[in-house]
Amino acid sequence: MHLDQNWSASLVDHPIFSLPKAFSGPLALPTSSLELSTNTLPSFTNVDLAVDELTPSGRRQVMVLKDADLIVAAGSEVRITSLGDAKVNPTRQTYKTLHTPNIQFEIHQISLNPSGKLLAVAGAFQIAVIVLPRAGFSRLVPETLDCKSVHVGQFYHATSTAAPIAKIEWHPWGEAGSTLMVMTTDGKLREYDISVDTDEPQQILSFMPERKTNSILAVDSSEREIASFTLGKGRADWGPLTIYAVTKSGDVYSICPYLPQNASIPSSYVHSLECFISAKQEFLAQGTSAETRNLSTLYDYQHKYVTALVKQLPPGTVFPSVSRPVLIHPPTTIKSPAARQGPFLLQPSPRTLDDSEGGDATDMAYLSFDADGNEEDSDSQETQHLGVIVIAFQDGKVDVCLDVEKVEAQWETKVPNRDLPMLAVYETIDLGLVSTLNKISVTPGQAPLSDLLQGNHPVFLLDPIHTETFYVYHAFGVHSLNIGPVLQSLAAALHNDDDSEATSLDATLQKSAGTTVQPILSTFSIERKCSNPVIAVTIPNDVYLTYSIFILTSAMRITSFPLNLRAESPHAPSSHLLPLDKDGEQFKQKSFWLTPLEGPPAYVSLLQKTPYTPAPALDRSSGLPKLPQLALPRASSGDRGFVLTPDTLRYLGEVGRELANQSTAIKLGVRQADERVKLQQQEVYRMAQRANQMNALIKQLKGPRRAASEARFGAIQAKQKDLLGRLDRVLQEMMERASPGISENETKWFEELGRMKVDVMGLGRYDDESLVARTRLLEREYARLTPTLKEVFEKEKRRKEKNALMNQGLGFSQAFELGQRSNSERARIAEVEKQVLDLAAKLEITIGNPPLH
C-alpha cells in the first residue's frame with residue numbers, strides 16, 4: 001500500500017495536468033478566472049453561445065479512465081497517458097495529445113462508450129466524437145496522435161438558437177456501443193447512432209411539451225429547463241427501458257418504454273419481462289371492476305410490445321437458456337409514442353435547508369442493488385429489487401428517494417392517465433455548504449458568500465465496485481455518501497414480520513439510520529473567499545491499478561485517495577451466522593440425545609449477547625480521511641502571503657476542536673478495545689479452565705469410571721439372566737397348577753383335527769379318496785376336456801355367424817312371419833315338455849331337466 005500511495009502522489013506533478021494553452025504566453029489569461037468568487041460569479045452563471053470561455057460553469061466531467069489509460073480534456077485539447085507505465089516508472093511522466101483540428105470549442109464533458117473505442121466530447125453547445133488510438137500508443141515517438149473526429153448533430157446543436165447541452169451519455173445497450181444520448185435544457189433527448197448517421201438523430205424524446213401560443217399561464221422558466229437525466233435499472237421490470245429527467249425546479253419526469261433504434265439486449269431480460277407481463281395479466285383477469293378493465297387495456301398494449309420483442313429473438317433462444325446479447329429494434333406495432341409520466345409526487349415533501357433560499361436541481365442518478373451474486377440467499381434479496389433516485393441541488397441538498405412504485409410502460413392515448421407516479425422521499429441530506437459560507441464574515445457592502453451557490457453545480461459519480469457508495473463533487477469540494485446503513489434498515493424492516501408495536505414496520509423505519517456523509521476534499525479558501533471548483537472525479541476499475549479515487553480541480557490540481565476494498569457488501573447480512581431470537585441470542589442446535597436441564601445454564605459467558613463492534617472513530621473501512629483534505633487555490637504573485645483573519649482563526653479553531661474530538665474518540669475507542677481484549681482474555685482463561693475440567697471428566701469417564709460402569713453393566717446383565725430363568729420357572733409352575741392335563745373338549749378338538757388331516761392328505765401316498773388326489777384328477781380331466789370345448793365353442797360361433805349372414809337377406813315382413821312361427825313352435829314344445837313331465841310323475845320315473853331353448 002505504501003508503494004501505491006507513492007505512485008498516486010507522483011501524479012501531482014504529471015505534465016498531463018498542466019493548464020491549457022490559453023493560460024501561457026504573453027496573452028495568458030489570469031488563473032483567477034478559474035476560481036469561483038464574487039468577482040467571477042457572472043461568468044459562472046451566464047451562458048453565451050458567442051463566447052465559450054474556460055470558466056468551469058455548468059456540468060463538468062473532463063477526466064475519464066479507459067482501463068489503465070487516463071484521458072484528460074484541457075480547454076479544447078484532449079490528452080491521454082498510460083497510468084500503467086507511470087506506476088512502473090514514476091520518474092518517466094509523459095502524455096500524448098490527440099490531434100483533432102475540427103474541435104475548436106471548450107470541452108465541458110467527456111464520456112467513454114462501453115466498448116472503450118469512442119470518446120464523446122461536449123461543450124456548452126457542440127458535440128463531437130473521437131476515435132481513440134489503439135493500445136500501445138505510449139510507445140510511439142510523436143507527441144501528437146492523429147485521431148479521427150466528427151461533429152454530431154450540427155444542425156441541432158451548433159446554431160445560434162440551439163439550447164445548451166445538459167448532459168451526454170452512452171446507452172449501455174446500444175449496438176456496438178455506438179448509441180449516444182444528448183439531453184439539452186429545452187427537454188429534447190436526441191439519440192445518435194454514430195455507426196449510422198452523426199447528423200440526424202435516430203429518435204427524439206420530448207420531456208417538455210411545446211408551449212401554447214394562446215396560453216396566459218405564468219410558468220417559471222426553471223420548470224421547463226431540464227438539468228439532467230438518468231437511465232433506470234432493473235431485472236424483470238420496465239426499469240432498463242425507463243428514462244428519468246429532472247428539471248431545475250426539482251420536478252421529475254419519466255418516459256417508458258425507450259429502446260435504442262439498434263439495441264443489443266440480453267435475451268434473459270426479454271423472457272423475464274414477458275413473464276412479468278403475463279403474471280400481471282393473470283392477476284388482473286380475476287377482477288371485474290372498471291379500474292381493472294382500464295389496467296387490462298394497458299397491459300394488453302404492454303403484452304403486444306413485449307411480444308414484438310420476443311418475435312425478434314433468434315430461433316433457439318428459449319427460457320431458461322444461457323443469456324446472450326441479441327440485436328433488437330423498437331417495435332412498430334404500437335403507433336402511439338410513449339407517454340411522458342409526471343411530475344412525480346414526492347411523498348413526503350422534501351424539506352428545505354435552514355438559512356437557504358433554495359437552488360436549482362443540477363443532477364440525478366439511479367442506484368440499484370443486487371443480491372451480491374448470491375441469488376439463492378433469501379435474506380440477501382430483501383433489497384435486491386430496490387431502486388434509489390438521488391437528486392442534487394445547488395445549495396448542497398441531496399434528496400434520497402425510494403423507487404417503491406416502479407414506472408411501467410404507457411403510451412399516449414385519447415384519454416390520458418391522470419394518476420401521477422410517486423417517489424418516497426426517505427431523507428434529505430445537507431452537505432453543509434450553506435452553513436460553511438454563512439459562517440464567514442464579509443465586509444460591509446460586499447455580497448454575501450452564499451451567492452456563490454448560484455455558480456455551484458453538484459454532479460454525481462457512482463462507485464463502479466461498491467454500488468452502495470456514490471460521490472458528489474461540486475464547486476467547493478467532494479463528498480462521499482454511503483447508503484449502506486439505509487439498506488440495512490430497510491432490509492431489517494422488510495425482514496421483520498412481527499406485528500407488535502415495539503417491532504412493527506413503522507417503528508423499525510422510525511429508528512432507521514441515514515446515509516453516511518463524509519467530506520473528503522475541500523477547495524474553498526476561507527482566507528481568500530474563493531474556490532477552485534472540482535471539474536472531474538474518476539475511480540479506476542482496472543486490475544492493474546490501485547482501487548482509489550482521483551479528483552481534479554479547475555486549476556488542474558490532482559488529488560488522489562486510496563480506497564479499501566470491502567470483502568462483503570454492508571447491506572448484505574452474513575449468511576454464516578445463526579439466526580437470532582427475540583432476546584438476541586442465537587438459536588441453540590437441538591440434540592437428539594441430550595436434553596438441557598431446567599434451571600440456570602451450566603456456563604455463563606462474560607461477553608455480551610450482541611457481537612462486538614469497534615468504535616466508529618476506529619472504523620476506516622473506506623480508506624478516506626476523517627477530515628477533508630484541502631486543495632486551495634494557489635496564491636497569485638501579488639498576494640501578501642498567509643494572513644491571519646478572524647475567519648481563519650475560527651476555521652483553525654474548528655479544525656483543532658474536531659481533531660481533539662477525534663483524538664478523544666480514538667482514545668476512548670482504543671480504551672474500549674483494550675477493555676474488550678481484557679474481557680476476552682478473561683473469557684478465554686475461564687473457557688480454558690472449563691475445558692480442562694471437561695478433559696479431566698472425560699478422562700475419568702474413559703478410565704476408572706468406565707471400568708466400574710462396565711463391571712456394573714456385567715453384573716446387571718447376569719442378574720437379568722437369573723431373573724428371566726426364574727420367571728420361566730414360575731410361569732411353568734403356574735400353568736401346571738392351573739391345568740395339569742388336557743380337557744375333554746381339547747381331546748375332541750385334536751381328534752377332529754386328525755380326522756380332517758386324513759380326509760385332506762389321505763391315509764397314505766396312494767390313497768385315491770383324499771381331497772388332494774381328487775383335486776389332481778379334476779385338474780387332469782379339465783386339461784383334457786378344454787381343447788374339445790374350445791373346438792365346440794368355435795363351431796358354435798361359426799354357426800351363429802352363418803345364421804346371421806343368412807338372416808340378413810330376410811325382409812321386415814318375412815322376419816316378422818318367421819318370428820311368429822318360432823313363437824308358436826316354442827309354445828308347442830313347452831306343452832309337450834309339460835305332458836312328458838306329468839307322465840313321468842304318474843309313472844314315478846325321474847328324468848332330467850328339459851334342455852334350454
# chains A, B, ... in the order shown; residues from 1 in each chain; ligands from 1

call {"tool": "residues_around", "arguments": {"residues": "A:Leu112", "least_positions_apart": "2", "cutoff": "10 Å", "atoms": "only C-alpha atoms", "output": "VMD selection string"}}
result
chain A and resid 63 to 66 71 110 114 to 121 129 to 130 132 169 to 170 177

call {"tool": "write_last_selection", "arguments": {"atoms": "N, CA, C and O atoms", "output": "short mmCIF file (atom, residue, chain, number, x, y, z; two decimals), in the first residue's frame"}}
result
data_model
loop_
_atom_site.label_atom_id
_atom_site.label_comp_id
_atom_site.auth_asym_id
_atom_site.auth_seq_id
_atom_site.Cartn_x
_atom_site.Cartn_y
_atom_site.Cartn_z
N MET A 63 -12.37 14.23 -17.18
CA MET A 63 -11.36 13.20 -16.95
C MET A 63 -12.06 11.85 -16.85
O MET A 63 -13.00 11.68 -16.08
N VAL A 64 -11.58 10.88 -17.64
CA VAL A 64 -12.11 9.52 -17.60
C VAL A 64 -10.94 8.56 -17.68
O VAL A 64 -9.82 8.93 -18.04
N LEU A 65 -11.22 7.32 -17.33
CA LEU A 65 -10.24 6.24 -17.38
C LEU A 65 -10.72 5.18 -18.35
O LEU A 65 -11.86 4.72 -18.27
N LYS A 66 -9.83 4.81 -19.28
CA LYS A 66 -10.07 3.70 -20.20
C LYS A 66 -9.09 2.60 -19.81
O LYS A 66 -7.92 2.63 -20.17
N ILE A 71 -7.50 9.82 -19.63
CA ILE A 71 -7.83 10.80 -20.67
C ILE A 71 -8.30 12.06 -19.96
O ILE A 71 -9.20 12.02 -19.11
N ILE A 110 -16.77 14.87 -21.14
CA ILE A 110 -16.29 13.77 -21.97
C ILE A 110 -16.91 12.49 -21.43
O ILE A 110 -17.14 12.34 -20.22
N PRO A 114 -19.20 2.20 -24.07
CA PRO A 114 -18.97 0.91 -23.40
C PRO A 114 -17.84 0.08 -23.99
O PRO A 114 -17.20 -0.67 -23.25
N SER A 115 -17.59 0.18 -25.26
CA SER A 115 -16.50 -0.60 -25.86
C SER A 115 -15.14 0.02 -25.63
O SER A 115 -14.12 -0.63 -25.87
N GLY A 116 -15.07 1.27 -25.20
CA GLY A 116 -13.79 1.93 -24.97
C GLY A 116 -13.08 2.40 -26.22
O GLY A 116 -11.89 2.74 -26.15
N LYS A 117 -13.78 2.46 -27.34
CA LYS A 117 -13.15 2.88 -28.59
C LYS A 117 -13.52 4.30 -29.00
O LYS A 117 -12.78 4.92 -29.78
N LEU A 118 -14.63 4.80 -28.50
CA LEU A 118 -15.11 6.13 -28.88
C LEU A 118 -15.19 7.01 -27.65
O LEU A 118 -15.53 6.56 -26.54
N LEU A 119 -14.86 8.29 -27.85
CA LEU A 119 -14.92 9.28 -26.79
C LEU A 119 -15.78 10.43 -27.26
O LEU A 119 -15.49 11.08 -28.26
N ALA A 120 -16.89 10.66 -26.55
CA ALA A 120 -17.76 11.79 -26.85
C ALA A 120 -17.32 12.99 -26.04
O ALA A 120 -17.11 12.89 -24.82
N VAL A 121 -17.16 14.13 -26.70
CA VAL A 121 -16.78 15.38 -26.04
C VAL A 121 -17.86 16.41 -26.35
O VAL A 121 -18.41 16.46 -27.45
N VAL A 129 -17.34 13.37 -31.56
CA VAL A 129 -16.94 12.03 -31.17
C VAL A 129 -15.55 11.77 -31.74
O VAL A 129 -15.29 12.02 -32.93
N ILE A 130 -14.65 11.27 -30.90
CA ILE A 130 -13.26 11.00 -31.26
C ILE A 130 -13.04 9.49 -31.22
O ILE A 130 -13.47 8.82 -30.28
N LEU A 132 -10.55 6.80 -30.44
CA LEU A 132 -9.35 6.74 -29.61
C LEU A 132 -8.30 5.84 -30.25
O LEU A 132 -8.62 4.89 -30.98
N GLU A 169 -24.52 11.01 -22.60
CA GLU A 169 -24.29 9.69 -22.02
C GLU A 169 -24.48 8.63 -23.09
O GLU A 169 -25.37 8.74 -23.94
N TRP A 170 -23.63 7.60 -23.06
CA TRP A 170 -23.75 6.46 -23.97
C TRP A 170 -24.75 5.47 -23.38
O TRP A 170 -24.71 5.19 -22.18
N GLY A 177 -21.99 -0.33 -28.87
CA GLY A 177 -21.68 0.81 -28.02
C GLY A 177 -21.64 2.12 -28.76
O GLY A 177 -20.88 3.03 -28.38
#

call {"tool": "residues_around", "arguments": {"residues": "A:Lys21", "least_positions_apart": "5", "cutoff": "12 Å", "atoms": "only C-alpha atoms", "output": "PyMOL selection string"}}
result
chain A and resi 26-31+54+73-77+106

call {"tool": "write_last_selection", "arguments": {"atoms": "all heavy atoms", "output": "tab-separated table (two decimals), in the first residue's frame"}}
result
chain	number	residue	atom	x	y	z
A	26	PRO	N	2.31	35.36	-23.80
A	26	PRO	CA	2.16	36.79	-23.46
A	26	PRO	C	0.71	37.23	-23.27
A	26	PRO	O	0.44	38.17	-22.53
A	26	PRO	CB	2.79	37.51	-24.67
A	26	PRO	CG	2.71	36.50	-25.79
A	26	PRO	CD	2.87	35.15	-25.14
A	27	LEU	N	-0.23	36.54	-23.92
A	27	LEU	CA	-1.65	36.88	-23.77
A	27	LEU	C	-2.38	35.90	-22.86
A	27	LEU	O	-3.56	35.61	-23.04
A	27	LEU	CB	-2.33	36.90	-25.15
A	27	LEU	CG	-1.75	37.87	-26.18
A	27	LEU	CD1	-2.48	37.74	-27.50
A	27	LEU	CD2	-1.83	39.32	-25.67
A	28	ALA	N	-1.63	35.41	-21.87
A	28	ALA	CA	-2.20	34.39	-20.99
A	28	ALA	C	-3.32	34.98	-20.13
A	28	ALA	O	-3.24	36.13	-19.68
A	28	ALA	CB	-1.10	33.82	-20.09
A	29	LEU	N	-4.32	34.17	-19.93
A	29	LEU	CA	-5.41	34.56	-19.06
A	29	LEU	C	-5.00	34.39	-17.60
A	29	LEU	O	-4.19	33.51	-17.27
A	29	LEU	CB	-6.64	33.69	-19.33
A	29	LEU	CG	-7.26	33.79	-20.73
A	29	LEU	CD1	-8.39	32.78	-20.87
A	29	LEU	CD2	-7.77	35.20	-20.98
A	30	PRO	N	-5.52	35.19	-16.70
A	30	PRO	CA	-5.17	35.02	-15.28
A	30	PRO	C	-5.82	33.76	-14.71
A	30	PRO	O	-6.94	33.40	-15.06
A	30	PRO	CB	-5.75	36.29	-14.63
A	30	PRO	CG	-6.85	36.71	-15.55
A	30	PRO	CD	-6.41	36.35	-16.94
A	31	THR	N	-5.10	33.10	-13.85
A	31	THR	CA	-5.63	31.88	-13.23
A	31	THR	C	-6.80	32.18	-12.30
A	31	THR	O	-7.55	31.26	-11.94
A	31	THR	CB	-4.52	31.16	-12.46
A	31	THR	OG1	-3.95	32.07	-11.50
A	31	THR	CG2	-3.42	30.69	-13.40
A	54	LEU	N	-13.27	29.51	-20.72
A	54	LEU	CA	-12.73	28.38	-19.97
A	54	LEU	C	-13.31	28.28	-18.57
A	54	LEU	O	-12.87	27.46	-17.78
A	54	LEU	CB	-11.21	28.50	-19.87
A	54	LEU	CG	-10.46	28.38	-21.20
A	54	LEU	CD1	-9.00	28.72	-21.01
A	54	LEU	CD2	-10.60	26.99	-21.76
A	73	ALA	N	-9.27	16.30	-20.65
A	73	ALA	CA	-9.56	17.39	-21.59
A	73	ALA	C	-9.16	18.70	-20.92
A	73	ALA	O	-9.63	19.02	-19.82
A	73	ALA	CB	-11.04	17.41	-21.95
A	74	ALA	N	-8.29	19.47	-21.59
A	74	ALA	CA	-7.83	20.77	-21.10
A	74	ALA	C	-8.16	21.80	-22.16
A	74	ALA	O	-7.49	21.87	-23.20
A	74	ALA	CB	-6.33	20.74	-20.80
A	75	GLY	N	-9.18	22.60	-21.94
A	75	GLY	CA	-9.61	23.53	-22.97
A	75	GLY	C	-10.25	22.78	-24.12
A	75	GLY	O	-11.20	22.02	-23.95
A	76	SER	N	-9.72	22.98	-25.31
A	76	SER	CA	-10.17	22.24	-26.48
A	76	SER	C	-9.22	21.11	-26.84
A	76	SER	O	-9.33	20.53	-27.92
A	76	SER	CB	-10.30	23.19	-27.68
A	76	SER	OG	-9.04	23.79	-27.97
A	77	GLU	N	-8.32	20.79	-25.95
A	77	GLU	CA	-7.28	19.78	-26.20
A	77	GLU	C	-7.60	18.53	-25.38
A	77	GLU	O	-8.01	18.61	-24.22
A	77	GLU	CB	-5.92	20.35	-25.79
A	77	GLU	CG	-4.73	19.47	-26.12
A	77	GLU	CD	-3.43	20.13	-25.72
A	77	GLU	OE1	-3.18	20.24	-24.50
A	77	GLU	OE2	-2.67	20.55	-26.61
A	106	GLU	N	-14.58	24.82	-26.28
A	106	GLU	CA	-14.18	24.46	-24.92
A	106	GLU	C	-14.92	23.20	-24.48
A	106	GLU	O	-16.15	23.13	-24.50
A	106	GLU	CB	-14.51	25.61	-23.96
A	106	GLU	CG	-14.30	25.30	-22.50
A	106	GLU	CD	-12.84	25.19	-22.13
A	106	GLU	OE1	-11.99	25.63	-22.93
A	106	GLU	OE2	-12.54	24.68	-21.06

call {"tool": "closest_residue", "arguments": {"among": "A:Ala245, A:Leu345, A:Glu710, A:Asn46", "to": "A:Gln454", "atoms": "only C-alpha atoms"}}
result
A:Asn46

call {"tool": "select_by_dssp", "arguments": {"residues": "stretch 733-764 of chain A", "states": "alpha helix (DSSP H)", "output": "compact mmCIF listing (two decimals) with N, CA and C atoms, in the first residue's frame"}}
result
# COMPACT_ATOMS: atom_id res chain seq x y z
N GLU A 733 -44.72 -73.41 36.54
CA GLU A 733 -45.40 -73.94 37.71
C GLU A 733 -46.84 -73.47 37.78
N MET A 734 -47.08 -72.19 37.43
CA MET A 734 -48.45 -71.68 37.45
C MET A 734 -49.32 -72.38 36.43
N MET A 735 -48.78 -72.68 35.26
CA MET A 735 -49.55 -73.38 34.24
C MET A 735 -49.88 -74.81 34.67
N GLU A 736 -48.91 -75.47 35.31
CA GLU A 736 -49.16 -76.84 35.74
C GLU A 736 -50.21 -76.89 36.84
N ARG A 737 -50.19 -75.89 37.75
CA ARG A 737 -51.17 -75.88 38.80
C ARG A 737 -52.57 -75.54 38.26
N ALA A 738 -52.68 -74.65 37.30
CA ALA A 738 -53.98 -74.23 36.78
C ALA A 738 -54.59 -75.32 35.89
N GLU A 744 -61.54 -82.58 28.07
CA GLU A 744 -62.29 -83.41 27.12
C GLU A 744 -62.51 -82.67 25.80
N ASN A 745 -62.84 -81.41 25.86
CA ASN A 745 -63.05 -80.63 24.63
C ASN A 745 -61.77 -80.54 23.80
N GLU A 746 -60.64 -80.33 24.49
CA GLU A 746 -59.37 -80.27 23.78
C GLU A 746 -59.07 -81.60 23.11
N THR A 747 -59.43 -82.72 23.81
CA THR A 747 -59.18 -84.05 23.22
C THR A 747 -60.02 -84.22 21.97
N LYS A 748 -61.30 -83.83 22.02
CA LYS A 748 -62.16 -83.94 20.84
C LYS A 748 -61.65 -83.04 19.71
N TRP A 749 -61.18 -81.91 20.06
CA TRP A 749 -60.68 -80.98 19.02
C TRP A 749 -59.46 -81.54 18.32
N PHE A 750 -58.55 -82.13 19.10
CA PHE A 750 -57.37 -82.75 18.48
C PHE A 750 -57.76 -83.92 17.60
N GLU A 751 -58.77 -84.77 18.05
CA GLU A 751 -59.21 -85.89 17.22
C GLU A 751 -59.84 -85.40 15.93
N GLU A 752 -60.62 -84.30 15.99
CA GLU A 752 -61.23 -83.74 14.78
C GLU A 752 -60.16 -83.23 13.82
N LEU A 753 -59.12 -82.62 14.36
CA LEU A 753 -58.01 -82.15 13.51
C LEU A 753 -57.33 -83.33 12.82
N GLY A 754 -57.18 -84.45 13.52
CA GLY A 754 -56.55 -85.63 12.91
C GLY A 754 -57.40 -86.19 11.79
N ARG A 755 -58.75 -86.28 12.05
CA ARG A 755 -59.63 -86.79 11.01
C ARG A 755 -59.61 -85.91 9.77
N MET A 756 -59.62 -84.56 9.95
CA MET A 756 -59.57 -83.65 8.82
C MET A 756 -58.26 -83.80 8.06
N LYS A 757 -57.19 -84.05 8.76
CA LYS A 757 -55.91 -84.24 8.09
C LYS A 757 -55.94 -85.50 7.21
N VAL A 758 -56.61 -86.60 7.72
CA VAL A 758 -56.70 -87.82 6.93
C VAL A 758 -57.56 -87.59 5.69
N ASP A 759 -58.68 -86.82 5.83
CA ASP A 759 -59.54 -86.56 4.68
C ASP A 759 -58.82 -85.74 3.62
N VAL A 760 -58.01 -84.85 4.05
CA VAL A 760 -57.34 -83.97 3.07
C VAL A 760 -56.13 -84.67 2.48
N MET A 761 -55.23 -85.21 3.32
CA MET A 761 -53.97 -85.74 2.85
C MET A 761 -54.07 -87.23 2.49

call {"tool": "closest_residue", "arguments": {"among": "A:Thr247, A:Thr333, A:Ser37, A:Ser43", "to": "A:Phe207", "atoms": "only C-alpha atoms"}}
result
A:Thr247

call {"tool": "closest_residue", "arguments": {"among": "A:Ser770, A:Gln693, A:Thr307, A:Thr94", "to": "A:Ile277", "atoms": "only C-alpha atoms"}}
result
A:Thr307

call {"tool": "closest_residue", "arguments": {"among": "A:Ser267, A:Ser33, A:Ala68, A:Tyr299", "to": "A:Ser321", "atoms": "only C-alpha atoms"}}
result
A:Ser267

call {"tool": "residues_around", "arguments": {"residues": "A:Ala122", "least_positions_apart": "2", "cutoff": "8 Å", "atoms": "only C-alpha atoms", "output": "number ranges by chain"}}
result
A: 107-110, 120, 124-128, 165, 168

call {"tool": "write_last_selection", "arguments": {"atoms": "C-alpha atoms", "output": "compact mmCIF listing (two decimals), in the first residue's frame"}}
result
# COMPACT_ATOMS: atom_id res chain seq x y z
CA ILE A 107 -14.75 20.88 -23.71
CA HIS A 108 -17.01 20.62 -20.69
CA GLN A 109 -17.92 16.93 -20.69
CA ILE A 110 -16.29 13.77 -21.97
CA ALA A 120 -17.76 11.79 -26.85
CA ALA A 124 -21.73 24.28 -23.93
CA PHE A 125 -23.46 23.84 -27.33
CA GLN A 126 -21.41 21.49 -29.55
CA ILE A 127 -20.70 17.76 -29.55
CA ALA A 128 -18.06 15.64 -31.27
CA ILE A 165 -26.34 20.83 -23.59
CA ILE A 168 -24.36 13.41 -22.68

call {"tool": "residues_around", "arguments": {"residues": "A:Thr538", "least_positions_apart": "6", "cutoff": "10 Å", "atoms": "only C-alpha atoms", "output": "VMD selection string"}}
result
chain A and resid 61 to 65 70 461 to 464 471 548 to 552 560

call {"tool": "write_last_selection", "arguments": {"atoms": "C-alpha atoms", "output": "tab-separated table (two decimals), in the first residue's frame"}}
result
chain	number	residue	atom	x	y	z
A	61	GLN	CA	-16.51	15.93	-16.30
A	62	VAL	CA	-13.20	16.32	-18.15
A	63	MET	CA	-11.36	13.20	-16.95
A	64	VAL	CA	-12.11	9.52	-17.60
A	65	LEU	CA	-10.24	6.24	-17.38
A	70	LEU	CA	-6.09	8.32	-18.35
A	461	LEU	CA	-20.38	9.77	-9.61
A	462	LEU	CA	-21.27	6.14	-8.81
A	463	ASP	CA	-18.65	3.80	-7.42
A	464	PRO	CA	-18.04	1.05	-10.02
A	471	TYR	CA	-19.75	10.67	-4.65
A	548	SER	CA	-8.54	4.73	-5.47
A	549	ILE	CA	-10.27	7.99	-6.34
A	550	PHE	CA	-8.78	10.79	-8.48
A	551	ILE	CA	-10.10	14.34	-8.08
A	552	LEU	CA	-9.27	17.17	-10.49
A	560	SER	CA	-5.93	11.06	-5.03

call {"tool": "atom_distance", "arguments": {"atom1": "atom CA of A:Ile465", "atom2": "atom CA of A:Asn564"}}
result
10.8 Å

call {"tool": "residues_around", "arguments": {"residues": "stretch 96-100 of chain A", "least_positions_apart": "5", "cutoff": "6 Å", "atoms": "only C-alpha atoms", "output": "JSON, numbers by chain"}}
result
{"A": [78, 79, 80, 143, 144, 145, 146, 147]}

call {"tool": "residues_around", "arguments": {"residues": "A:Ala338", "least_positions_apart": "2", "cutoff": "8 Å", "atoms": "only C-alpha atoms", "output": "PyMOL selection string"}}
result
chain A and resi 255-258+336+340+409-412
